[in-house]
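Take a look at the structure set out below.
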Amino acid sequence: MGKTALLLAFAESAESQGFLVARVTAGDEMLADIVGTIQRKGTPYIKKNPQVKGVSAGALGFAFGLTFSDEVERSFSFLNKMALLCDALEKHDKGIVLLVDEIQAHTPSLRILTTTYQHLVGEGKNVVIAMAGLPHAISSLLNDEVLTFLNRARKNRLGPLSLSAVSLYYSSVFDGLGKSISPENLARAVEATRGYPYLLQLIGYYLLEYSGNSKGITGDQTEQALASAKHDLTENIYAPVLKPLSARDRQFLQAMSKTKGPVRVTDIEKRMRTTRGNVQAYRRRLMDAGVIASEQRGELELVIPYLGEYLRREF
């Protein structure tokens with residue numbers, strides 16, 4: 001459950017249909033990782049038919065299989081290397097699926113990857129790309145002036161999981177491991193996730209960690225698991241989400257946090273002593289960043305679980 005798990009499901013589905021999948025985490029090394037993965041996974045298909053024109057020694061830039069000649073390895077751009085790989089694999093009815101996790105905006109490697117994809121599609125290559133990241137990273141990427149074509153991509157925002165689904169999932173996992181948990185402790189753990197996939201993972205992990213080899217999960221172990229999960233949430237989610245925000249945006253969130261649950265926009269205006277126009281500007285930025293949402297007209301609420309408690313405690 002969550003964006004990374006969704007990419008893994010994409011990979012499994014694509015591979016079952018005969019595609020070559022290169023799944024990487026965004027970063028400085030991802031372009032080399034993509035090329036290397038395609039070469040490694042595609043070479044067995046090429047070697048089965050060494051007589052095929054265009055993939056023999058020295059032909060079309062390949063020394064053997066899908067290994068590039070020294071000249072290509074040294075002189076060709078990522079775009080040209082990918083085009084060569086697409087052409088060679090197309091002879092074997094193989095397409096390429098690129099899956100990129102944890103994307104970050106304004107990074108040179110991501111710009112090269114996305115513009116390369118645009119060129120490959122324009123040339124009719126059989127290649128698909130899917131990218132996943134936190135909402136603020138997605139928003140920044142879509143606002144990159146060089147990559148405006150990405151706004152035409154299909155975008156899927158992962159909403160909260162239903163608590164009934166979380167309960168069924170936990171029950172299934174614990175039953176499968178031979179661990180018992182009382183209805184009260186199960187309900188406590190399920191409610192604490194607030195439907196947030198990352199919290200589902202953290203709480204489940206700590207419930208198993210603290211219960212060890214015992215056959216059951218106690219109330220104390222449940223509370224320990226919830227405390228540890230909230231600590232990890234603070235370290236791994238709040239900090240990276242809040243860091244890129246302006247001081248005024250953080251003040252907006254602090255003003256929201258004074259109300260538990262949904263807060264009226266008019267109350268935020270009063271607390272910040274600002275105008276409706278300014279509030280709308282902050283609202284739009286923070287919604288794009290995936291920090292707040294509006295379920296009811298005239299109201300806003302914090303999306304990330306326990307963020308309000310954190311803001312009230314720390315600021």
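Going through the structure tokens in order, the chains are called A, B, and so on, while each chain numbers its residues from 1 and the ligands are numbered from 1 in the order shown.
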Discussion item. So that I can check the surroundings of A:Pro183, please list as a PyMOL selection string every protein, DNA and RNA residue that reaches within 12 Å of it, counting only C-alpha atoms and ignoring chain neighbours fewer than 4 positions away.
Written reply: chain A and resi 167-168+170-171+187-191+217-219+222
When you look at A:Leu200 with a cut-off of 12 Å (counting only C-alpha atoms), what residues show up, excluding the ones that are within fewer than 5 positions of it in the same chain? I need them as a short mmCIF file (atom, residue, chain, number, x, y, z; two decimals) with C-alpha atoms, in the first residue's frame.
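Saved to around14.cif:
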data_model
loop_
_atom_site.label_atom_id
_atom_site.label_comp_id
_atom_site.auth_asym_id
_atom_site.auth_seq_id
_atom_site.Cartn_x
_atom_site.Cartn_y
_atom_site.Cartn_z
CA MET A 1 0.00 0.00 0.00
CA GLY A 2 1.34 3.40 -0.94
CA PRO A 160 -6.36 7.65 2.57
CA LEU A 161 -7.14 3.97 2.99
CA SER A 162 -10.45 2.99 4.52
CA LEU A 163 -10.14 1.91 8.15
CA ALA A 165 -9.49 -2.20 4.78
CA VAL A 166 -6.69 -1.50 7.28
CA SER A 167 -8.43 -3.68 9.87
CA LEU A 168 -8.84 -6.56 7.44
CA TYR A 169 -5.21 -6.25 6.37
CA TYR A 170 -3.84 -6.29 9.92
CA ALA A 189 -3.87 0.39 16.01
CA VAL A 190 -6.26 0.74 13.07
CA GLU A 191 -7.61 4.10 14.25
CA ALA A 192 -4.06 5.38 14.81
CA THR A 193 -3.18 4.84 11.14
CA ARG A 194 -5.85 7.37 10.10
CA GLY A 195 -5.79 5.63 6.74
CA TYR A 205 6.21 -3.16 11.72
CA TYR A 206 6.49 -2.02 15.33
CA LEU A 207 3.64 -4.25 16.51
CA ALA A 225 4.29 0.67 18.56
CA LEU A 226 2.11 3.78 18.18
CA ALA A 229 5.50 5.12 14.57
CA LYS A 230 4.66 8.74 15.44
CA LEU A 233 6.52 10.12 11.10
CA PRO A 305 -1.89 12.70 10.28
#
Fill in: Residue nearest A:Leu85 among A:Leu113, A:Ile38, A:Val303, A:Leu120 (counting only C-alpha atoms)
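When distances to A:Leu85 are compared using only C-alpha atoms, the smallest one comes from A:Ile38.
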Worksheet entry | atom CA of A:Lys91 to atom CA of A:Thr115, distance in Å rounded to a single decimal |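 Going from atom CA of A:Lys91 over to atom CA of A:Thr115 covers 24.3 Å.
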Worksheet item: Of the residues A:Arg250, A:Arg23, A:Lys3, A:Lys94, which is the one nearest to A:Thr43, using only C-alpha atoms?
Response: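 Of A:Arg250, A:Arg23, A:Lys3, A:Lys94, the one nearest A:Thr43 is A:Lys94, counting only C-alpha atoms.
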Worksheet item: What separation in Å, quoted to one decimal, exists between atom CA of A:Leu311 and atom CA of A:Lys270?
Response: 18.5 Å
Worksheet entry | Non-local contacts of A:Glu90 (12 Å; only C-alpha atoms; under 2 positions in same chain excluded) as a list of chain:residue names | A:Gly18, A:Phe19, A:Leu20, A:Gly42, A:Tyr45, A:Ile46, A:Val52, A:Gly54, A:Val55, A:Ala83, A:Leu84, A:Leu85, A:Cys86, A:Asp87, A:Ala88, A:His92, A:Asp93, A:Lys94, A:Gly95, A:Ile96, A:Gly124, A:Lys125, A:Asn126, A:Val127
Practice prompt. Using backbone DSSP assignments, extract all alpha helix (DSSP H) residues from stretch 66-311 of chain A; output them as a PyMOL selection string.
Written response: chain A and resi 70-75+78-90+108-122+135-142+163-176+183-193+197-211+219-233+239-242+247-257+265-272+276-288+307-311
Practice prompt. Give the answer as one residue: which of A:Ala63, A:Leu147, A:Val128, A:Ile112 has the shortest atom-to-atom distance to A:Ser77, using only C-alpha atoms?
Written response: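 Checking each candidate against A:Ser77, we get A:Ile112 as the closest.
Counting only C-alpha atoms, the residue from A:Lys243, A:Lys215, A:Val72, A:Glu102 that sits nearest to A:Ser182 is A:Lys215.
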Worksheet item: Just asking: which residues within stretch 55-148 of chain A are strand (DSSP E) according to DSSP, as a PyMOL selection string?
Response: chain A and resi 62-64+67-68+96-101+127-131
For the residues selected in the previous step, produce a file with N, CA and C atoms as an mmCIF file, in the first residue's frame.
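Final file, part_0.cif:
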data_model
loop_
_atom_site.group_PDB
_atom_site.id
_atom_site.type_symbol
_atom_site.label_atom_id
_atom_site.label_comp_id
_atom_site.auth_asym_id
_atom_site.auth_seq_id
_atom_site.Cartn_x
_atom_site.Cartn_y
_atom_site.Cartn_z
ATOM 1 N N PHE A 62 26.501 -1.571 -30.930
ATOM 2 C CA PHE A 62 26.594 -2.631 -29.928
ATOM 3 C C PHE A 62 27.819 -3.507 -30.188
ATOM 4 N N ALA A 63 28.555 -3.793 -29.135
ATOM 5 C CA ALA A 63 29.718 -4.679 -29.251
ATOM 6 C C ALA A 63 29.268 -6.133 -29.271
ATOM 7 N N PHE A 64 28.359 -6.494 -28.349
ATOM 8 C CA PHE A 64 27.730 -7.801 -28.345
ATOM 9 C C PHE A 64 26.499 -7.703 -27.456
ATOM 10 N N THR A 67 25.432 -4.723 -25.062
ATOM 11 C CA THR A 67 26.574 -3.976 -24.542
ATOM 12 C C THR A 67 27.051 -2.985 -25.601
ATOM 13 N N PHE A 68 27.164 -1.731 -25.217
ATOM 14 C CA PHE A 68 27.553 -0.701 -26.180
ATOM 15 C C PHE A 68 29.025 -0.836 -26.565
ATOM 16 N N ILE A 96 9.735 -1.024 -23.302
ATOM 17 C CA ILE A 96 10.429 -0.645 -22.068
ATOM 18 C C ILE A 96 9.476 0.150 -21.178
ATOM 19 N N VAL A 97 9.455 -0.190 -19.901
ATOM 20 C CA VAL A 97 8.696 0.562 -18.899
ATOM 21 C C VAL A 97 9.678 1.131 -17.881
ATOM 22 N N LEU A 98 9.647 2.439 -17.703
ATOM 23 C CA LEU A 98 10.511 3.124 -16.739
ATOM 24 C C LEU A 98 9.678 3.528 -15.525
ATOM 25 N N LEU A 99 10.098 3.098 -14.355
ATOM 26 C CA LEU A 99 9.394 3.417 -13.106
ATOM 27 C C LEU A 99 10.361 4.155 -12.189
ATOM 28 N N VAL A 100 9.988 5.372 -11.807
ATOM 29 C CA VAL A 100 10.879 6.223 -11.018
ATOM 30 C C VAL A 100 10.187 6.594 -9.717
ATOM 31 N N ASP A 101 10.805 6.273 -8.610
ATOM 32 C CA ASP A 101 10.234 6.550 -7.285
ATOM 33 C C ASP A 101 10.979 7.705 -6.613
ATOM 34 N N VAL A 127 7.935 2.865 -25.364
ATOM 35 C CA VAL A 127 8.439 3.145 -24.022
ATOM 36 C C VAL A 127 7.372 3.876 -23.219
ATOM 37 N N VAL A 128 7.291 3.525 -21.953
ATOM 38 C CA VAL A 128 6.298 4.104 -21.038
ATOM 39 C C VAL A 128 7.023 4.543 -19.780
ATOM 40 N N ILE A 129 6.536 5.613 -19.144
ATOM 41 C CA ILE A 129 7.148 6.056 -17.884
ATOM 42 C C ILE A 129 6.062 6.318 -16.846
ATOM 43 N N ALA A 130 6.340 5.946 -15.613
ATOM 44 C CA ALA A 130 5.481 6.277 -14.476
ATOM 45 C C ALA A 130 6.392 6.750 -13.351
ATOM 46 N N MET A 131 6.013 7.858 -12.722
ATOM 47 C CA MET A 131 6.835 8.431 -11.655
ATOM 48 C C MET A 131 5.978 8.653 -10.412
#
Worksheet item: What separation in Å, quoted to one decimal, exists between atom CA of A:Gly261 and atom CA of A:Tyr310?
Response: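 Atom-to-atom, atom CA of A:Gly261 to atom CA of A:Tyr310, that is 13.7 Å.
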Discussion item. Set the distance at 9 Å and use only C-alpha atoms: which residues neighbour A:Leu307 once local chain neighbours fewer than 6 positions away are removed? I'd like the list as a list of chain:residue names.
Written reply: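 Once the adjacent positions are removed, what remains is A:Thr234, A:Tyr238, A:Ser257.
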Fill in: A:Pro135 environment, 10 Å, only C-alpha atoms, sequence neighbours closer than 3 positions dropped, as number ranges by chain
A: 132, 138-141, 157-158, 241, 286-291
Residues from the last selection, C-alpha atoms, saved as a compact mmCIF listing (two decimals), in the first residue's frame:
# COMPACT_ATOMS: atom_id res chain seq x y z
CA ALA A 132 5.88 8.69 -8.00
CA ILE A 138 5.11 16.42 -7.83
CA SER A 139 3.80 19.99 -7.67
CA SER A 140 7.28 21.48 -8.08
CA LEU A 141 8.04 19.14 -10.98
CA ARG A 157 -3.36 11.20 -6.07
CA LEU A 158 -3.38 8.40 -3.52
CA VAL A 241 7.43 18.54 3.96
CA LEU A 286 -0.25 24.27 0.36
CA MET A 287 -2.91 22.26 -1.46
CA ASP A 288 -0.50 21.77 -4.38
CA ALA A 289 2.10 20.60 -1.87
CA GLY A 290 -0.35 18.01 -0.52
CA VAL A 291 -0.29 19.41 3.02
Practice prompt. Compare A:Phe149, A:Asn213, A:Ala255, A:Leu89 by their minimum atom-to-atom distance to A:His119, counting only C-alpha atoms, and give me the closest one.
Written response: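 Of the candidates, the smallest distance to A:His119 is held by A:Phe149.
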